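Below: one structure, written as structure tokens.
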Amino acid sequence: MRNKTILLVLMAISFAATSLSAQHTKKIIQLTGIVISKDSLQPVAFTNILLKGTSRGTISDFSGYFSLVVALGDTLKFSSIGFKTEYYPISDTLTQTSYSLIQTLGRDTVRIEPIHITRWPSYEQFKFAFENMAVPEGDMENAKKNLKRMEVDNSVEYRADASLNYKWQQDQFKSKLYYAGQLPPNNLLNPIAWAKFIKAWRNGELKIER
């Protein structure tokens with residue numbers, strides 16, 4: 001009886017060692033492919049591609065392309081928001097070291113609860129609601145309100161923060177580089193600027209703030 005028990009233990013250890021050795025000697029291949037939609041044949045960007053039962057995988061790029069190292073016998077899980085999850089088993093009879101595939105994903109239709117439209121309980125209630133509803137104002141009135149709001153906003157004094165000061169400083173630096181080696185423009189000698197100034201002065205557009 002003791003010898004039989006020892007024999008069974010040795011057989012179990014041999015089987016476990018053989019299974020573990022087979023797992024470590026699985027053939028590795030380079031798998032590349034593209035994920036597309038079944039209905040439109042358009043690439044499905046940023047699809048999650050995982051090895052089933054593990055946390056190892058990759059993600060497809062904007063064009064639906066992906067590349068992943070897998071072992072024969074593995075199963076790939078493809079999932080993306082708005083699409084049904086698909087599985088792709090890697091055959092253990094492959095002989096080459098690299099393969100390519102095209103994986104299609106079907107749209108995942110989301111059912112929306114039906115909407116029931118009911119009528120008003122009575123004609124009097126409908127008439128009251130219709131006569132007292134708020135009628136939207138015209139485009140001109142809305143434009144005047146928006147302009148009035150802009151006048152109020154412009155009357156508030158704003159101070160430049162750190163980012164605006166930095167941008168202003170960089171603009172000044174770029175302007176100096178642009179006119180390096182030459183005189184910068186001076187509007188005091190610009191006849192067009194003087195003509196605009198005189199015209200604005202005659203039209204009373206210039207105001208002196210006190």
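To be explicit about the labels: the chains of the structure tokens are called A, B, and onward in the order shown, and within each one the residues are counted from 1, while ligands get numbers from 1 in the order they are shown.
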
I want to know what sits within 10 Å of Phe66 in chain A, based on only C-alpha atoms, with residues of the same chain fewer than 5 positions away left out; could you give that as a list in words? Leu31, Thr32, Gly33, Ile34, Val35, Ala45, Phe46, Thr47, Asn48, Ile49, Thr58, Ile59, Ser60, Asp61, Ser100 and Leu101 of chain A

Write the residues of the preceding selection, restricted to C-alpha atoms, as a PDB file, in the first residue's frame.
```pdb
ATOM      1  CA  LEU A  31       0.652  39.476 -33.750  1.00  0.00           C
ATOM      2  CA  THR A  32      -0.324  42.665 -35.584  1.00  0.00           C
ATOM      3  CA  GLY A  33      -3.679  43.726 -36.901  1.00  0.00           C
ATOM      4  CA  ILE A  34      -6.381  46.323 -37.244  1.00  0.00           C
ATOM      5  CA  VAL A  35      -9.763  46.681 -35.550  1.00  0.00           C
ATOM      6  CA  ALA A  45      -9.683  53.705 -32.393  1.00  0.00           C
ATOM      7  CA  PHE A  46      -8.397  53.032 -28.859  1.00  0.00           C
ATOM      8  CA  THR A  47      -9.755  49.488 -28.589  1.00  0.00           C
ATOM      9  CA  ASN A  48      -8.683  47.589 -25.463  1.00  0.00           C
ATOM     10  CA  ILE A  49      -6.929  44.345 -26.399  1.00  0.00           C
ATOM     11  CA  THR A  58      -2.302  46.752 -25.522  1.00  0.00           C
ATOM     12  CA  ILE A  59      -4.540  49.385 -27.099  1.00  0.00           C
ATOM     13  CA  SER A  60      -5.132  50.210 -30.742  1.00  0.00           C
ATOM     14  CA  ASP A  61      -4.079  53.581 -32.100  1.00  0.00           C
ATOM     15  CA  SER A 100      -1.661  39.685 -39.052  1.00  0.00           C
ATOM     16  CA  LEU A 101      -5.414  39.761 -38.582  1.00  0.00           C
TER      17      LEU A 101
END
```

Need to verify the contact set: Lys77 in chain A, 8 Å, only C-alpha atoms, exclusion of same-chain residues closer than 3 positions in sequence. Can you return it as a ChimeraX atom specification? /A:48-52,85-88

Inset, instruction - Please return as a PyMOL selection string: the residues of range 63-178 of chain A that backbone DSSP assigns to strand (DSSP E). - result: chain A and resi 65-71+75-79+86-89+98-105

Contacts of Thr104 in chain A at 7 Å or less, counting only C-alpha atoms, minus same-chain residues fewer than 5 places along, as a PDB file with C-alpha atoms, in the first residue's frame?
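As written to disk, around-v3.pdb reads:
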```pdb
ATOM      1  CA  VAL A  35      -9.763  46.681 -35.550  1.00  0.00           C
ATOM      2  CA  ILE A  36     -12.670  47.850 -37.725  1.00  0.00           C
ATOM      3  CA  SER A  37     -16.419  48.239 -37.390  1.00  0.00           C
ATOM      4  CA  LYS A  38     -18.612  45.552 -38.958  1.00  0.00           C
TER       5      LYS A  38
END
```

message = If I take CA of Gln103 in chain A and CA of Phe62 in chain A, how far is one from the other in Å, to one decimal?
response =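 Separation between CA of Gln103 in chain A and CA of Phe62 in chain A: 15.1 Å.
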
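Minimum atom-to-atom distances from A:Leu94, A:Ser122, A:Ile81, A:Lys199 to Asp108 in chain A were compared using only C-alpha atoms, and the lowest value belongs to A:Ile81.
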
Q: Taking the DSSP assignment computed from this structure's backbone, write out as a PyMOL selection string all residues of range 6-190 of chain A that belong to alpha helix (DSSP H).
A: chain A and resi 6-24+123-131+139-154+162-178

| message | With only C-alpha atoms as the counted atoms, please give the residues lying no more than 6 Å from Gly73 in chain A, apart from itself and same-chain residues fewer than 4 positions off, as a list in words. | response |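 Final neighbour list, sorted by chain and number: Ile90, Ser91 and Asp92 of chain A.
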
**OP:** Rank nothing, just name the residue among A:Ser98, A:Gln125, A:Asn187, A:Asn132 nearest to Leu68 in chain A, using only C-alpha atoms.
**Re:**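 Checking each candidate against Leu68 in chain A, we get A:Ser98 as the closest.
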